[in-house]
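Input: a single structure, listed below in C-alpha cells.
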Amino acid sequence: MYSIQDGGVCHVDLGAILQYGGGELPPARLTRNVLAVCDITVTESRLQSILSYIRDSRELLLPAITVSFKWMEDQELMNKLHHVKNLILGSTLSHKVTVEELSKSNRKYKEKYIELLEDVFADFEVKETYTIEEQ
C-alpha cells in the first residue's frame, strides 16, 4: 500500500480483517522488514553491496550467465546478453539500455518515453566506465 501524501510504502496488517471481521478498519503498522525496504539509505546500500560483489566476481559470473542464456535457447534473451554484460562491467547505464530497447520496440508513445529519459539524464556525464554509485 502506498501513501497518497508522499508516495512512501505503508504496511497494513490484513490479518486483522480475517480475525475481527470486515466491520472495522485494520490496524496499520510498519514492521522492521518493511521499514528496511522503505529506507532509501538501507535499500541503496544493499543494492550497491550486491552490485559491487557482482562486479568483483564478473570473471566467474559472466561465463555462467552466458552459458545459461545459451542453454535456454531463446534468441530474444540472447540479444539482451550484451546489455547484461555491459551493466556488470560498468560500461553502460540502465537508462541507456532502456532507450536502446525502446527505440527498437513498437511500444506506443516510445518517442515520449525516450525524450523523457534523455531530458532527465541530459546532464549526466558520458564515461567509458561508470562506478556502481553512478549506475
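Here's how to read the names in the C-alpha cells: chain A, B, ... by the order shown, residue numbers from 1 in each chain, ligand numbers from 1 in the order shown.
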query = Quick one: residues within 12 Å of Val84 in chain A, only C-alpha atoms counted, chain neighbours fewer than 4 positions away excluded, as a VMD selection string?
reply = chain A and resid 54 to 55 58 61 to 63 65 to 66 69 77 to 80 88 to 94 97
Min atom-atom distance to Leu87 in chain A from the set A:Ser103, A:Thr129, A:Gln75, A:Ser45, counting only C-alpha atoms, belongs to A:Thr129
d(CA of Glu115 in chain A, CA of Asn86 in chain A) in Å: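 These two atoms are separated by 22.7 Å.
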Determine which residues of range 26-125 of chain A receive a DSSP assignment of alpha helix (DSSP H), computed from the backbone, and state them as an MDAnalysis selection string.
chainID A and resid 32:38 40:56 58:71 75:79 81:89 94:104 110:120
If you keep C-alpha atoms, can you produce a file of those selected residues as a tab-separated table (two decimals), in the first residue's frame?
chain	number	residue	atom	x	y	z
A	32	ARG	CA	11.09	-3.58	10.66
A	33	ASN	CA	11.30	-5.63	7.43
A	34	VAL	CA	9.03	-3.25	5.58
A	35	LEU	CA	10.76	-0.21	7.09
A	36	ALA	CA	14.14	-1.52	5.89
A	37	VAL	CA	12.82	-1.75	2.34
A	38	CYS	CA	11.36	1.76	2.57
A	40	ILE	CA	16.37	4.66	0.81
A	41	THR	CA	19.77	4.53	2.53
A	42	VAL	CA	19.35	0.88	3.52
A	43	THR	CA	17.98	-0.19	0.14
A	44	GLU	CA	20.61	1.75	-1.78
A	45	SER	CA	23.38	0.39	0.43
A	46	ARG	CA	22.23	-3.21	-0.07
A	47	LEU	CA	21.90	-2.73	-3.82
A	48	GLN	CA	25.36	-1.18	-4.06
A	49	SER	CA	26.86	-4.01	-2.00
A	50	ILE	CA	25.29	-6.62	-4.27
A	51	LEU	CA	26.36	-4.80	-7.44
A	52	SER	CA	29.87	-4.45	-6.06
A	53	TYR	CA	30.02	-8.19	-5.37
A	54	ILE	CA	28.72	-8.95	-8.88
A	55	ARG	CA	31.29	-6.67	-10.47
A	56	ASP	CA	34.12	-8.13	-8.36
A	58	ARG	CA	32.46	-10.89	-13.04
A	59	GLU	CA	35.10	-13.38	-14.23
A	60	LEU	CA	33.02	-16.18	-12.72
A	61	LEU	CA	29.54	-14.79	-13.30
A	62	LEU	CA	29.73	-13.66	-16.94
A	63	PRO	CA	30.61	-17.10	-18.36
A	64	ALA	CA	27.92	-18.72	-16.19
A	65	ILE	CA	25.32	-16.17	-17.34
A	66	THR	CA	26.35	-16.65	-20.98
A	67	VAL	CA	26.04	-20.45	-20.75
A	68	SER	CA	22.66	-20.11	-19.00
A	69	PHE	CA	21.35	-17.78	-21.69
A	70	LYS	CA	22.55	-20.11	-24.47
A	71	TRP	CA	21.13	-23.15	-22.70
A	75	GLN	CA	17.10	-15.71	-29.26
A	76	GLU	CA	15.36	-12.69	-27.75
A	77	LEU	CA	17.16	-13.35	-24.48
A	78	MET	CA	20.48	-13.83	-26.26
A	79	ASN	CA	20.00	-10.44	-27.94
A	81	LEU	CA	23.03	-10.60	-23.18
A	82	HIS	CA	25.27	-7.71	-24.21
A	83	HIS	CA	23.20	-5.37	-22.02
A	84	VAL	CA	23.75	-7.63	-19.01
A	85	LYS	CA	27.48	-7.82	-19.69
A	86	ASN	CA	27.80	-4.05	-20.17
A	87	LEU	CA	25.89	-3.32	-16.96
A	88	ILE	CA	28.06	-5.73	-14.97
A	89	LEU	CA	31.25	-4.28	-16.45
A	94	SER	CA	20.36	1.39	-17.24
A	95	HIS	CA	18.62	4.38	-18.81
A	96	LYS	CA	20.77	3.96	-21.93
A	97	VAL	CA	19.74	0.32	-22.16
A	98	THR	CA	16.11	1.35	-21.78
A	99	VAL	CA	16.44	3.96	-24.54
A	100	GLU	CA	18.10	1.42	-26.86
A	101	GLU	CA	15.44	-1.22	-26.27
A	102	LEU	CA	12.59	1.28	-26.57
A	103	SER	CA	13.93	2.58	-29.88
A	104	LYS	CA	13.77	-0.99	-31.29
A	110	LYS	CA	8.05	5.30	-27.26
A	111	GLU	CA	9.35	8.64	-28.55
A	112	LYS	CA	7.88	10.37	-25.50
A	113	TYR	CA	9.49	7.85	-23.13
A	114	ILE	CA	12.85	8.27	-24.85
A	115	GLU	CA	12.53	12.06	-24.78
A	116	LEU	CA	11.70	11.96	-21.07
A	117	LEU	CA	14.70	9.75	-20.28
A	118	GLU	CA	17.02	11.95	-22.32
A	119	ASP	CA	15.72	15.07	-20.55
A	120	VAL	CA	16.10	13.55	-17.09
